[in-house]
>>> print(open('entry_15.pdb').read())   # PDB, C-alpha atoms
ATOM      1  CA  GLN W1382      20.971 118.704 -23.807
ATOM      2  CA  GLN W1383      22.429 116.873 -26.738
ATOM      3  CA  PRO W1384      26.124 115.917 -26.599
ATOM      4  CA  ASP W1385      28.657 118.472 -27.818
ATOM      5  CA  THR W1386      29.406 117.854 -31.501
ATOM      6  CA  GLY W1387      31.792 120.761 -31.938
ATOM      7  CA  GLU W1388      29.248 122.574 -34.116
ATOM      8  CA  PRO W1389      28.172 126.157 -33.282
ATOM      9  CA  PRO W1390      24.952 126.383 -31.213
ATOM     10  CA  ILE W1391      23.175 128.190 -34.043
ATOM     11  CA  LYS W1392      23.258 128.455 -37.800
ATOM     12  CA  PHE W1393      20.893 130.400 -40.034
ATOM     13  CA  ASP W1394      20.209 129.713 -43.709
ATOM     14  CA  ILE W1395      18.540 132.190 -46.048
ATOM     15  CA  LEU W1396      16.174 130.213 -48.279
ATOM     16  CA  ALA W1397      14.417 133.056 -50.104
ATOM     17  CA  THR W1398      14.278 136.860 -50.066
ATOM     18  CA  ASP W1399      12.022 139.564 -51.470
ATOM     19  CA  PRO W1400      14.049 142.592 -52.611
ATOM     20  CA  LYS W1401      10.957 144.833 -52.604
ATOM     21  CA  THR W1402       9.924 144.308 -48.989
ATOM     22  CA  ASP W1403      13.046 142.921 -47.224
ATOM     23  CA  ALA W1404      10.975 139.856 -46.310
ATOM     24  CA  ARG W1405      12.873 136.603 -46.104
ATOM     25  CA  ARG W1406      12.305 132.915 -45.595
ATOM     26  CA  GLY W1407      14.878 131.126 -43.470
ATOM     27  CA  ARG W1408      15.840 128.088 -41.452
ATOM     28  CA  LEU W1409      17.330 128.320 -37.960
ATOM     29  CA  HIS W1410      19.483 125.329 -37.024
ATOM     30  CA  LEU W1411      19.680 124.742 -33.263
ATOM     31  CA  ARG W1412      20.963 121.971 -31.011
ATOM     32  CA  ASN W1413      17.570 120.289 -30.845
ATOM     33  CA  GLY W1414      16.506 120.650 -34.463
ATOM     34  CA  ALA W1415      15.738 123.142 -37.197
ATOM     35  CA  VAL W1416      13.149 125.902 -36.954
ATOM     36  CA  GLU W1417      11.539 127.260 -40.111
ATOM     37  CA  THR W1418      11.178 131.046 -40.122
ATOM     38  CA  PRO W1419       8.979 133.014 -39.930
ATOM     39  CA  VAL W1420       7.678 130.940 -37.016
ATOM     40  CA  PHE W1421       4.771 131.160 -34.614
ATOM     41  CA  MET W1422       6.357 130.532 -31.202
ATOM     42  CA  PRO W1423       3.999 129.425 -28.401
ATOM     43  CA  VAL W1424       4.803 130.794 -24.955
ATOM     44  CA  GLY W1425       5.230 128.169 -22.252
ATOM     45  CA  THR W1426       6.181 130.495 -19.398
ATOM     46  CA  GLN W1427       6.758 127.767 -16.813
ATOM     47  CA  GLY W1428       7.620 125.037 -19.304
ATOM     48  CA  THR W1429       4.074 124.340 -20.424
ATOM     49  CA  VAL W1430       1.806 125.990 -22.968
ATOM     50  CA  LYS W1431      -1.436 126.424 -21.076
ATOM     51  CA  SER W1432      -4.260 124.046 -22.028
ATOM     52  CA  MET W1433      -2.053 122.114 -24.480
ATOM     53  CA  SER W1434       0.055 118.974 -24.179
ATOM     54  CA  GLN W1435       3.517 118.584 -25.672
ATOM     55  CA  GLU W1436       2.128 115.936 -28.012
ATOM     56  CA  GLU W1437      -0.469 118.376 -29.322
ATOM     57  CA  LEU W1438       2.203 120.994 -29.953
ATOM     58  CA  ARG W1439       4.335 118.495 -31.852
ATOM     59  CA  ASP W1440       1.350 117.282 -33.879
ATOM     60  CA  MET W1441       0.598 120.885 -34.852
ATOM     61  CA  GLY W1442       4.134 121.231 -36.204
ATOM     62  CA  TYR W1443       5.760 123.432 -33.594
ATOM     63  CA  GLY W1444       9.498 122.967 -33.181
ATOM     64  CA  ILE W1445      10.242 125.660 -30.582
ATOM     65  CA  ILE W1446       8.548 127.052 -27.474
ATOM     66  CA  LEU W1447       9.415 129.864 -25.089
ATOM     67  CA  GLY W1448      10.047 129.574 -21.346
ATOM     68  CA  ASN W1449      10.659 132.343 -18.817
ATOM     69  CA  THR W1450      13.802 132.489 -16.687
ATOM     70  CA  TYR W1451      12.222 134.582 -13.914
ATOM     71  CA  HIS W1452       9.297 132.231 -13.325
ATOM     72  CA  LEU W1453      11.320 129.021 -13.694
ATOM     73  CA  TYR W1454      13.934 130.400 -11.287
ATOM     74  CA  LEU W1455      11.341 131.113  -8.597
ATOM     75  CA  ARG W1456       9.391 127.901  -9.141
ATOM     76  CA  PRO W1457      10.343 125.062  -9.441
ATOM     77  CA  GLY W1458      13.930 126.427  -9.388
ATOM     78  CA  HIS W1459      16.786 126.161 -11.870
ATOM     79  CA  GLU W1460      18.828 123.778  -9.713
ATOM     80  CA  LEU W1461      15.960 121.271  -9.624
ATOM     81  CA  ILE W1462      15.535 121.592 -13.403
ATOM     82  CA  LYS W1463      19.278 121.068 -13.894
ATOM     83  CA  SER W1464      19.254 117.956 -11.685
ATOM     84  CA  ALA W1465      16.475 116.541 -13.863
ATOM     85  CA  GLY W1466      18.635 116.891 -16.971
ATOM     86  CA  GLY W1467      17.506 120.332 -18.106
ATOM     87  CA  LEU W1468      14.176 121.764 -19.133
ATOM     88  CA  HIS W1469      13.852 119.577 -22.236
ATOM     89  CA  LYS W1470      13.799 116.418 -20.132
ATOM     90  CA  PHE W1471      11.910 118.051 -17.272
ATOM     91  CA  ILE W1472       8.947 118.811 -19.553
ATOM     92  CA  ASN W1473       9.489 115.946 -22.034
ATOM     93  CA  TRP W1474      10.015 118.258 -25.007
ATOM     94  CA  GLY W1475      12.156 117.112 -27.929
ATOM     95  CA  GLY W1476      12.095 120.419 -29.787
ATOM     96  CA  SER W1477      13.970 123.656 -29.183
ATOM     97  CA  ILE W1478      13.461 126.090 -26.307
ATOM     98  CA  LEU W1479      14.079 129.825 -26.018
ATOM     99  CA  THR W1480      14.194 131.353 -22.539
ATOM    100  CA  ASP W1481      13.353 134.997 -21.920
ATOM    101  CA  SER W1482      15.790 136.572 -19.457
ATOM    102  CA  GLY W1483      13.016 137.644 -17.088
ATOM    103  CA  GLY W1484      13.797 141.329 -17.530
ATOM    104  CA  PHE W1485      10.222 142.301 -18.338
ATOM    105  CA  GLN W1486       8.810 140.347 -15.402
ATOM    106  CA  VAL W1487      11.226 141.904 -12.913
ATOM    107  CA  PHE W1488      10.769 145.457 -14.128
ATOM    108  CA  SER W1489       6.986 145.164 -14.270
ATOM    109  CA  LEU W1490       6.960 144.605 -10.484
ATOM    110  CA  GLU W1491       7.778 148.228  -9.702
ATOM    111  CA  HIS W1492       6.588 148.103  -6.094
ATOM    112  CA  ILE W1493       8.813 145.154  -5.099
ATOM    113  CA  ARG W1494      12.098 145.744  -6.949
ATOM    114  CA  LYS W1495      15.041 148.159  -6.969
ATOM    115  CA  ILE W1496      17.244 148.771 -10.014
ATOM    116  CA  GLY W1497      20.980 149.388  -9.762
ATOM    117  CA  GLU W1498      23.883 149.458 -12.190
ATOM    118  CA  ASP W1499      24.893 145.951 -11.131
ATOM    119  CA  GLY W1500      21.432 144.381 -11.407
ATOM    120  CA  VAL W1501      18.038 144.221  -9.735
ATOM    121  CA  VAL W1502      16.992 143.323  -6.185
ATOM    122  CA  PHE W1503      13.383 142.177  -5.883
ATOM    123  CA  ARG W1504      10.938 140.318  -3.693
ATOM    124  CA  SER W1505       9.425 137.059  -4.864
ATOM    125  CA  TYR W1506       5.722 137.171  -5.638
ATOM    126  CA  VAL W1507       5.592 133.548  -4.429
ATOM    127  CA  ASP W1508       6.804 133.868  -0.818
ATOM    128  CA  GLY W1509       8.117 137.419  -0.371
ATOM    129  CA  SER W1510      11.787 136.353  -0.197
ATOM    130  CA  TYR W1511      14.487 138.690  -1.520
ATOM    131  CA  HIS W1512      16.527 137.871  -4.634
ATOM    132  CA  GLU W1513      19.115 139.601  -6.783
ATOM    133  CA  LEU W1514      19.426 139.169 -10.533
ATOM    134  CA  THR W1515      22.516 140.370 -12.354
ATOM    135  CA  PRO W1516      23.493 139.683 -15.973
ATOM    136  CA  GLU W1517      25.907 137.007 -14.764
ATOM    137  CA  ARG W1518      23.310 135.380 -12.513
ATOM    138  CA  VAL W1519      20.679 135.352 -15.258
ATOM    139  CA  MET W1520      23.052 133.621 -17.673
ATOM    140  CA  GLU W1521      23.958 131.082 -14.973
ATOM    141  CA  ILE W1522      20.266 130.296 -14.454
ATOM    142  CA  GLN W1523      19.615 129.952 -18.181
ATOM    143  CA  SER W1524      22.606 127.637 -18.510
ATOM    144  CA  ALA W1525      21.158 125.414 -15.774
ATOM    145  CA  ILE W1526      17.772 125.424 -17.509
ATOM    146  CA  GLY W1527      19.516 124.294 -20.696
ATOM    147  CA  ALA W1528      17.621 126.332 -23.302
ATOM    148  CA  ASP W1529      18.791 126.314 -26.924
ATOM    149  CA  ILE W1530      18.474 130.122 -27.182
ATOM    150  CA  VAL W1531      19.081 132.414 -24.194
ATOM    151  CA  MET W1532      18.489 136.137 -23.853
ATOM    152  CA  ALA W1533      20.595 138.887 -22.311
ATOM    153  CA  PHE W1534      19.328 140.555 -19.139
ATOM    154  CA  ASP W1535      17.832 143.935 -20.002
ATOM    155  CA  GLU W1536      15.984 146.813 -18.414
ATOM    156  CA  CYS W1537      12.511 146.980 -19.882
ATOM    157  CA  ALA W1538      11.655 150.664 -19.640
ATOM    158  CA  PRO W1539       7.984 151.534 -19.041
ATOM    159  CA  TYR W1540       5.810 152.991 -21.780
ATOM    160  CA  PRO W1541       5.457 155.885 -21.940
ATOM    161  CA  CYS W1542       8.550 157.359 -20.272
ATOM    162  CA  ASP W1543      10.644 160.478 -20.775
ATOM    163  CA  LYS W1544      13.700 160.544 -22.980
ATOM    164  CA  ASP W1545      16.211 160.718 -20.105
ATOM    165  CA  TYR W1546      14.813 157.585 -18.480
ATOM    166  CA  ALA W1547      14.684 155.757 -21.811
ATOM    167  CA  ALA W1548      18.282 156.745 -22.569
ATOM    168  CA  ALA W1549      19.493 155.532 -19.169
ATOM    169  CA  ALA W1550      17.603 152.244 -19.560
ATOM    170  CA  MET W1551      19.006 151.694 -23.039
ATOM    171  CA  ASN W1552      22.575 152.427 -21.906
ATOM    172  CA  ARG W1553      22.183 150.053 -18.975
ATOM    173  CA  THR W1554      20.740 147.377 -21.266
ATOM    174  CA  HIS W1555      23.725 147.627 -23.612
ATOM    175  CA  GLU W1556      26.214 147.407 -20.749
ATOM    176  CA  TRP W1557      24.347 144.415 -19.358
ATOM    177  CA  ALA W1558      24.423 142.844 -22.831
ATOM    178  CA  LYS W1559      28.222 142.899 -22.745
ATOM    179  CA  ARG W1560      28.273 141.321 -19.279
ATOM    180  CA  SER W1561      25.646 138.754 -20.242
ATOM    181  CA  GLN W1562      27.601 137.763 -23.327
ATOM    182  CA  ALA W1563      30.852 137.448 -21.378
ATOM    183  CA  SER W1564      29.245 134.973 -18.963
ATOM    184  CA  ALA W1565      27.036 133.112 -21.457
ATOM    185  CA  ASP W1566      27.316 129.352 -21.979
ATOM    186  CA  PRO W1567      29.121 128.858 -25.329
ATOM    187  CA  ASP W1568      26.883 125.853 -26.056
ATOM    188  CA  GLN W1569      23.794 128.081 -26.101
ATOM    189  CA  ALA W1570      22.801 130.558 -28.799
ATOM    190  CA  PHE W1571      22.899 134.024 -27.230
ATOM    191  CA  LEU W1572      20.300 136.691 -27.987
ATOM    192  CA  GLY W1573      20.915 140.376 -27.308
ATOM    193  CA  ILE W1574      18.074 142.854 -26.915
ATOM    194  CA  LYS W1575      17.853 146.160 -28.764
ATOM    195  CA  ASN W1576      16.079 148.802 -26.693
ATOM    196  CA  GLY W1577      15.218 152.272 -27.933
ATOM    197  CA  PHE W1578      12.612 155.005 -28.136
ATOM    198  CA  ASP W1579       9.319 155.388 -29.928
ATOM    199  CA  LYS W1580      10.859 158.271 -31.881
ATOM    200  CA  CYS W1581      13.767 157.746 -34.262
ATOM    201  CA  ASP W1582      16.221 160.314 -32.991
ATOM    202  CA  LYS W1583      19.987 160.559 -33.333
ATOM    203  CA  PHE W1584      20.719 158.880 -29.987
ATOM    204  CA  THR W1585      18.771 155.781 -30.948
ATOM    205  CA  ARG W1586      20.659 155.519 -34.232
ATOM    206  CA  ILE W1587      24.034 155.875 -32.489
ATOM    207  CA  ARG W1588      23.251 153.124 -29.985
ATOM    208  CA  HIS W1589      21.792 150.974 -32.748
ATOM    209  CA  ASP W1590      24.976 151.259 -34.819
ATOM    210  CA  GLU W1591      27.048 150.444 -31.733
ATOM    211  CA  ILE W1592      25.272 147.196 -30.912
ATOM    212  CA  TRP W1593      26.268 145.644 -34.245
ATOM    213  CA  HIS W1594      29.848 145.625 -33.021
ATOM    214  CA  TYR W1595      28.971 143.259 -30.164
ATOM    215  CA  TRP W1596      29.809 139.640 -30.861
ATOM    216  CA  LEU W1597      26.221 138.578 -30.333
ATOM    217  CA  VAL W1598      24.847 135.662 -32.287
ATOM    218  CA  ILE W1599      21.304 136.977 -32.710
ATOM    219  CA  PHE W1600      19.335 140.014 -31.648
ATOM    220  CA  GLY W1601      15.839 140.542 -30.283
ATOM    221  CA  TYR W1602      13.866 143.733 -30.621
ATOM    222  CA  ALA W1603      11.538 144.962 -27.872
ATOM    223  CA  HIS W1604       8.101 143.377 -27.774
ATOM    224  CA  LEU W1605       5.024 145.210 -29.011
ATOM    225  CA  TYR W1606       2.484 143.592 -26.752
ATOM    226  CA  SER W1607       0.383 146.252 -25.072
ATOM    227  CA  PRO W1608      -2.915 147.594 -26.416
ATOM    228  CA  LEU W1609      -1.721 150.992 -25.130
ATOM    229  CA  LEU W1610       1.016 151.179 -27.742
ATOM    230  CA  LYS W1611       0.030 153.290 -30.745
ATOM    231  CA  ILE W1612       2.893 152.102 -32.939
ATOM    232  CA  SER W1613       2.134 149.968 -35.959
ATOM    233  CA  PHE W1614       4.146 146.795 -36.388
ATOM    234  CA  ASN W1615       4.836 147.601 -40.019
ATOM    235  CA  GLY W1616       6.176 151.009 -39.050
ATOM    236  CA  VAL W1617       8.590 149.539 -36.526
ATOM    237  CA  MET W1618       9.825 146.952 -39.024
ATOM    238  CA  CYS W1619      10.508 149.725 -41.555
ATOM    239  CA  VAL W1620      12.623 151.562 -38.976
ATOM    240  CA  ILE W1621      14.528 148.374 -38.040
ATOM    241  CA  THR W1622      15.392 147.417 -41.603
ATOM    242  CA  HIS W1623      16.368 151.028 -42.375
ATOM    243  CA  PHE W1624      18.900 151.126 -39.521
ATOM    244  CA  GLN W1625      20.391 147.675 -40.085
ATOM    245  CA  PRO W1626      23.564 147.447 -42.200
ATOM    246  CA  ASP W1627      23.004 145.805 -45.573
ATOM    247  CA  PRO W1628      25.044 142.642 -44.779
ATOM    248  CA  VAL W1629      22.794 142.043 -41.779
ATOM    249  CA  ARG W1630      19.483 143.134 -43.284
ATOM    250  CA  THR W1631      19.292 140.091 -45.507
ATOM    251  CA  LYS W1632      19.694 137.843 -42.457
ATOM    252  CA  THR W1633      16.655 138.997 -40.521
ATOM    253  CA  SER W1634      13.949 136.487 -39.676
ATOM    254  CA  LEU W1635      10.696 137.319 -37.978
ATOM    255  CA  VAL W1636       9.635 135.273 -35.001
ATOM    256  CA  HIS W1637       6.160 135.671 -33.595
ATOM    257  CA  SER W1638       5.519 134.559 -30.043
ATOM    258  CA  PHE W1639       2.190 134.721 -28.337
ATOM    259  CA  ALA W1640       0.501 134.536 -24.974
ATOM    260  CA  SER W1641      -3.214 133.843 -24.778
ATOM    261  CA  ASN W1642      -3.885 136.796 -22.473
ATOM    262  CA  LEU W1643      -2.110 139.411 -24.575
ATOM    263  CA  TRP W1644      -3.327 141.233 -27.639
ATOM    264  CA  PRO W1645      -1.819 142.358 -29.933
ATOM    265  CA  PRO W1646       0.689 139.482 -29.716
ATOM    266  CA  LYS W1647       4.342 139.983 -28.896
ATOM    267  CA  TRP W1648       6.772 140.266 -31.784
ATOM    268  CA  ALA W1649      10.499 139.776 -31.882
ATOM    269  CA  THR W1650      13.062 139.918 -34.657
ATOM    270  CA  PHE W1651      15.998 137.539 -34.799
ATOM    271  CA  VAL W1652      19.056 138.767 -36.649
ATOM    272  CA  THR W1653      22.168 136.681 -37.177
ATOM    273  CA  ARG W1654      25.458 138.506 -37.105
ATOM    274  CA  PRO W1655      27.170 138.707 -40.504
ATOM    275  CA  THR W1656      30.033 136.260 -41.048
TER     276      THR W1656
END
>>> encode(input="entry_15.pdb", output="structure tokens")
Amino acid sequence: QQPDTGEPPIKFDILATDPKTDARRGRLHLRNGAVETPVFMPVGTQGTVKSMSQEELRDMGYGIILGNTYHLYLRPGHELIKSAGGLHKFINWGGSILTDSGGFQVFSLEHIRKIGEDGVVFRSYVDGSYHELTPERVMEIQSAIGADIVMAFDECAPYPCDKDYAAAAMNRTHEWAKRSQASADPDQAFLGIKNGFDKCDKFTRIRHDEIWHYWLVIFGYAHLYSPLLKISFNGVMCVITHFQPDPVRTKTSLVHSFASNLWPPKWATFVTRPT
């Protein structure tokens, strides 16, 4: 990590906007450099983008990659990464890094995990050992990894699921967002996750309005990654921009991350909180 300069861990500049479509062109300033948005973000789950070297990524113009907290925690371990000077030094990467909280990975392992209000207990797919992840623990791990952008721990509800389950998962995610934020490293940009339903009902709108009151730096919206989803990306973006307050709407920047084995690709939206 770079030395503390007293500057905030993130700053976002609006460079251009389109009043007809709500599209915008921006620049995200992070501890390890600026990221032009929209941006294509390669996924390096365990610190490496498969089949590519860091030099190749830099030569192609990428300034940010994604790592996964769950996988890095299990192997090689966040304490080892911390002792090596953080993930940037561990993988010899001079650009920025975003770490996913691991929520999707944990909740996708339905047969080896148990969800509670405090967090999740699960068995490692590596050696079968038991582990517990709470919002506080996840933020501690991400701090040790040393990412520029970290994500709140969330419950990734399955698709499809009934409304009661989705509502419970969304409520739990919002409570965990508060706990994650309270224990986050102030030198890292913190990303909250907006969960919801595939239908735009009143409950979704209420919870959406509520999350804007959190002192989160940026927000991420649930990934559209599965071929089973019958929701168009454009449709979801229309819903998002409709719900967002006007002061925030102009500060939305699309970030596209990908994994080679997923199609359609994952999408996320970063939104800076209004000043």
>>> atom_distance(input="entry_15.pdb", atom1="CA of Phe1393 (chain W)", atom2="CA of Met1422 (chain W)")
17.0 Å
>>> residues_around(input="entry_15.pdb", residues="Glu1417 (chain W)", least_positions_apart="2", cutoff="8 Å", atoms="all atoms listed in the file", output="MDAnalysis selection string")
chainID W and resid 1406:1409 1415 1419:1420
>>> atom_distance(input="entry_15.pdb", atom1="CA of Arg1504 (chain W)", atom2="CA of Gly1448 (chain W)")
20.7 Å
>>> closest_residue(input="entry_15.pdb", among="W:His1410, W:His1512, W:Arg1494, W:Lys1463", to="Pro1389 (chain W)", atoms="all atoms listed in the file")
W:His1410
>>> atom_distance(input="entry_15.pdb", atom1="CA of Val1502 (chain W)", atom2="CA of Ala1465 (chain W)")
27.9 Å
>>> closest_residue(input="entry_15.pdb", among="W:Lys1392, W:Lys1559, W:His1452, W:Lys1431", to="Gly1484 (chain W)", atoms="only C-alpha atoms")
W:His1452
>>> axis_aligned_box(input="entry_15.pdb", around="region 1465-1476 of chain W", padding_each_side="6 Å", output="AutoDock Vina command-line options")
--center_x 13.8 --center_y 118.9 --center_z -21.8 --size_x 21.7 --size_y 17.8 --size_z 27.9
>>> resolve_selection(input="entry_15.pdb", expression="the PyMOL selection byres ((chain W and resi 1525) around 10)", output="NGL selection string")
:W and (1454 or 1458-1464 or 1466-1468 or 1519-1524 or 1526-1528 or 1566)
>>> closest_residue(input="entry_15.pdb", among="W:Ser1432, W:Val1531, W:Ala1404, W:Ala1549", to="Pro1567 (chain W)", atoms="all atoms listed in the file")
W:Val1531
>>> closest_residue(input="entry_15.pdb", among="W:Ala1547, W:Leu1411, W:Met1441, W:Ile1478", to="Met1532 (chain W)", atoms="only C-alpha atoms")
W:Ile1478
